Amino acid sequence: MKSAEAACLSARDSTILGVARSLKHPAYRRLAAYEPLFRFSVPALLVVFILLLTVSLYVHATRTRDEAVALAVADLELVAGFVAADIAAQRGTVGIDQRLPQKALAGGRLVYVADREGRILLALPAGAAHPETIAEVVGDGLLSIYADRAGVLRTTLASGAEAYATLRSDAGVGQVLAVQPEKAILAPWSSQIWNQAFLFGTAIFVLIGIATAYFLQSARARAADEVCERVRERVDLALDRGRCGLWDWDIARGRIFWSDSMYALLGRERTDEFLAFGEVNGLIHPEDGDLYALANGIVQSRAGLLDHEFRIRNAAGDWVWLRARAELVEAAPGEGSHLVGIAVDITEQKTLAERSATADMRLRDAIETISEAFVLWDADNRLVMCNSKFQTLRSLPGEAVRPGAPYDEVMQAGQQPIVETPVLIDERREAGARTLEARLADGRWLQINERRTKDGGYVSVGTDVTALKLHEQRLMASESELKATVQDLKASRRTLESQAQQLADLAEKYLEQKAEAESANRAKSEFLANMSHELRTPLNAIIGFSEIMESGIFGSLGCSRYSEYCQDIRKSGQYLLGVINDVLDMARIESGRVRLDRAPLRLDEAVSDAVRAVSISAFDKNLTVEAETMPGARVLADARAFHQILLNLLQNAVKFTPDGGRIAVRIKRAPGAMRVYVEDNGIGIPKTALAKLGRPFEQVESELSRTYKGSGLGLAIARSLAEMQGGSLRIRSTFGSGTIVMVQMPDADARTERPGAAMAEAIEAAA
């Protein structure tokens, strides 16, 4: 257990929460996941390392031995060649030992100079014992047979020792033999190999010791981790159940560590091991103070303890109330101070307290704002609460209505109201509950309701019912007046019944007169139609004969005035015929005898025909007539009736537009309809006369002020014909500026034909 505690404490990392933090660190979790692999891989890696080290040592030894032998062979060739060349140059062996470098004979190297028969003449180094012949040195092997061609050979000396030798037969006196024992060649190499073997063995011993220590420490750390993990799980479980979290605030570094329970409490995810101070301070409610100022005050005052309530924003954006209790801890030297503690969620307590305070405040406000006098007493007859109405009624001072004041003390501090006529109006079955009325000395009436509470106290509510009492008195006075009024109403009823009978008689007479008027109207229309037919026949004869007389077909009349008279007769007859035609058309429309054949009609052709019909009259008055066309536009109308509508409107425009004026015809498309606008800059129409235009025989000018001739039926005929075809006619005019008449007809190419009433409403809304 002590080893586990020591292992945990070694992981503190300068903080009391270091154990939990190290266990939760991602690097530690990855290391723990790979730990079983490490336990099996470390021994294998150690064995592989030792094998690789052994192989490398063997390869190195072999290579260095070959290098040493190759170097010795090269030196033997060099020494033998040098001695042979020197003897050949000096014509003898005198002084050869002095000319030969000392290093040439190092490492046990021997040089023999022999004559051509193989007898040794000189041995170097000087003074060395030597046999008599070369054959005694190297035997009768390949070296003796091939001499120079054999090069440097590994041979066995006559003494049985292994050596490397080379023979030169090109010397001036005979032969030169250079010999070096193999043992002497490999002596430095052997010493080096033994040193490396010692170092290799030492490294193997150290590695085995390290591996042993690793396994012991791994087992110890694993046991310590298990203990720490159990402790951490229990601490986390306690923190989660208690809805709290651990804090470790490194004040010097400005960083804060939170436990997992703290993140879970705020619904946040851990993104790093530490939180920056600014990040945490940004989550604190601005009204709850600054964490830095709070920590700075604790450090400067060395108070050591922190107990602070504040609000912090969770992941959902809501405020969570926390109560932080921490202690100032001094870490290791150079690490600075830490505030280590716990933060508890007190949102529920705060919410409950706020609700209680709010409910209490609302209750007091409600009691204060009611119009009744209210007072509540507890079971010991002590004052719990009352409103200002009760205080005013009893004339109580402010200090007398403190909560907990005895009943007798409160009553003695105020003035008792004088009750003249207390009347019990309701006696409840439950004990202590009653309702009574009392008339005070100042004339007011109170209704007092008293009820017992469950804890033994009672509540009293006094309502001012003076207005009700006065109203009751007025009701009694009104009752007598009402009885008299009922008698008057009965008399009036009889009068009304007689008047109703008279009204019924008048209504019957009205219906009879209305029928007579409608019959007279029909008779008028029929008379006008018949009369128009009777007048048209002689008028046609008058017009025809006047045209014949004016043209002089059967001879001259003799006097020029007769021609003028005939012209006046013709114009007057034509004018009278036009008036009669208008009257006849209006009569036919009113009598319902007009039959229309509606069919698709090209709008531009109809407008062109109407403009062409009035072009002569417009030219006589020097009027400009402009017509806009819309190729392809068609209306659903009767060709003759639509032509008459346009002709009547254009004739009116020509008639009421002064000389030199302008008349324009424009076409626009509307939803489900086509609109034709006839505009002029003529005399205009006053607003008072717009309402009556369009009715039969209605004109703007009166009989006494008429300056324009006409029957007044043009607009009425145009409006009637437009409405009979599902269209409408609207007029806009400004007196003295001009008039705009809009005719709307159903569009023949529209998918649905709108009814005339709906179309008229749309036109009215647009206007």
# chains A, B, ... in the order shown; residues from 1 in each chain; ligands from 1
>>> residues_around(residues="A:Arg255", least_positions_apart="3", cutoff="6 Å", atoms="only C-alpha atoms", output="short mmCIF file (atom, residue, chain, number, x, y, z; two decimals) with C-alpha atoms, in the first residue's frame")
data_model
loop_
_atom_site.label_atom_id
_atom_site.label_comp_id
_atom_site.auth_asym_id
_atom_site.auth_seq_id
_atom_site.Cartn_x
_atom_site.Cartn_y
_atom_site.Cartn_z
CA ASP A 250 -2.44 27.69 -10.93
CA LEU A 275 -8.25 25.92 -19.29
CA ALA A 276 -6.93 29.42 -19.78
CA PHE A 277 -7.90 31.90 -17.08
#
>>> residues_around(residues="A:Pro43", least_positions_apart="3", cutoff="10 Å", atoms="only C-alpha atoms", output="mmCIF file with C-alpha atoms, in the first residue's frame")
data_model
loop_
_atom_site.group_PDB
_atom_site.id
_atom_site.type_symbol
_atom_site.label_atom_id
_atom_site.label_comp_id
_atom_site.auth_asym_id
_atom_site.auth_seq_id
_atom_site.Cartn_x
_atom_site.Cartn_y
_atom_site.Cartn_z
ATOM 1 C CA PHE A 38 5.762 -3.287 -24.120
ATOM 2 C CA ARG A 39 6.001 -6.138 -21.583
ATOM 3 C CA PHE A 40 6.444 -8.688 -24.378
ATOM 4 C CA LEU A 46 16.741 -6.978 -25.637
ATOM 5 C CA VAL A 47 17.538 -10.471 -27.044
ATOM 6 C CA VAL A 48 17.599 -9.114 -30.585
ATOM 7 C CA PHE A 49 19.870 -6.299 -29.461
ATOM 8 C CA ILE A 208 20.093 -7.536 -18.150
ATOM 9 C CA ALA A 211 15.565 -5.191 -17.992
ATOM 10 C CA THR A 212 15.175 -6.734 -14.563
ATOM 11 C CA PHE A 215 10.011 -5.486 -15.099
#
>>> closest_residue(among="A:Ala633, A:Trp249, A:Glu162, A:Leu121", to="A:Gly174", atoms="only C-alpha atoms")
A:Leu121
>>> atom_distance(atom1="atom CA of A:Ser388", atom2="atom CA of A:Leu468")
22.4 Å
>>> closest_residue(among="A:Gly278, A:Pro658, A:Pro397, A:Gly151", to="A:Glu77", atoms="only C-alpha atoms")
A:Gly151
>>> select_by_dssp(residues="stretch 119-351 of chain A", states="alpha helix (DSSP H)", output="PyMOL selection string")
chain A and resi 134-138+142-146+182-241+260-266+277-283+291-301+347-351
>>> residues_around(residues="stretch 62-67 of chain A", least_positions_apart="2", cutoff="12 Å", atoms="only C-alpha atoms", output="list in words")
Val55, Ser56, Leu57, Tyr58, Val59, His60, Val69, Ala70, Leu71, Ala72, Val73, Ala74, Glu182, Lys183, Ile185, Leu186, Ala187, Pro188, Trp189, Ser190, Ser191, Gln192 and Ile193 of chain A
>>> residues_around(residues="A:Arg382", least_positions_apart="2", cutoff="10 Å", atoms="only C-alpha atoms", output="list of chain:residue names")
A:Leu376, A:Trp377, A:Asp378, A:Ala379, A:Asp380, A:Val384, A:Met385, A:Arg402, A:Pro403, A:Gly404, A:Ala405, A:Pro406, A:Tyr407, A:Asp408, A:Glu409, A:Val410, A:Gly457
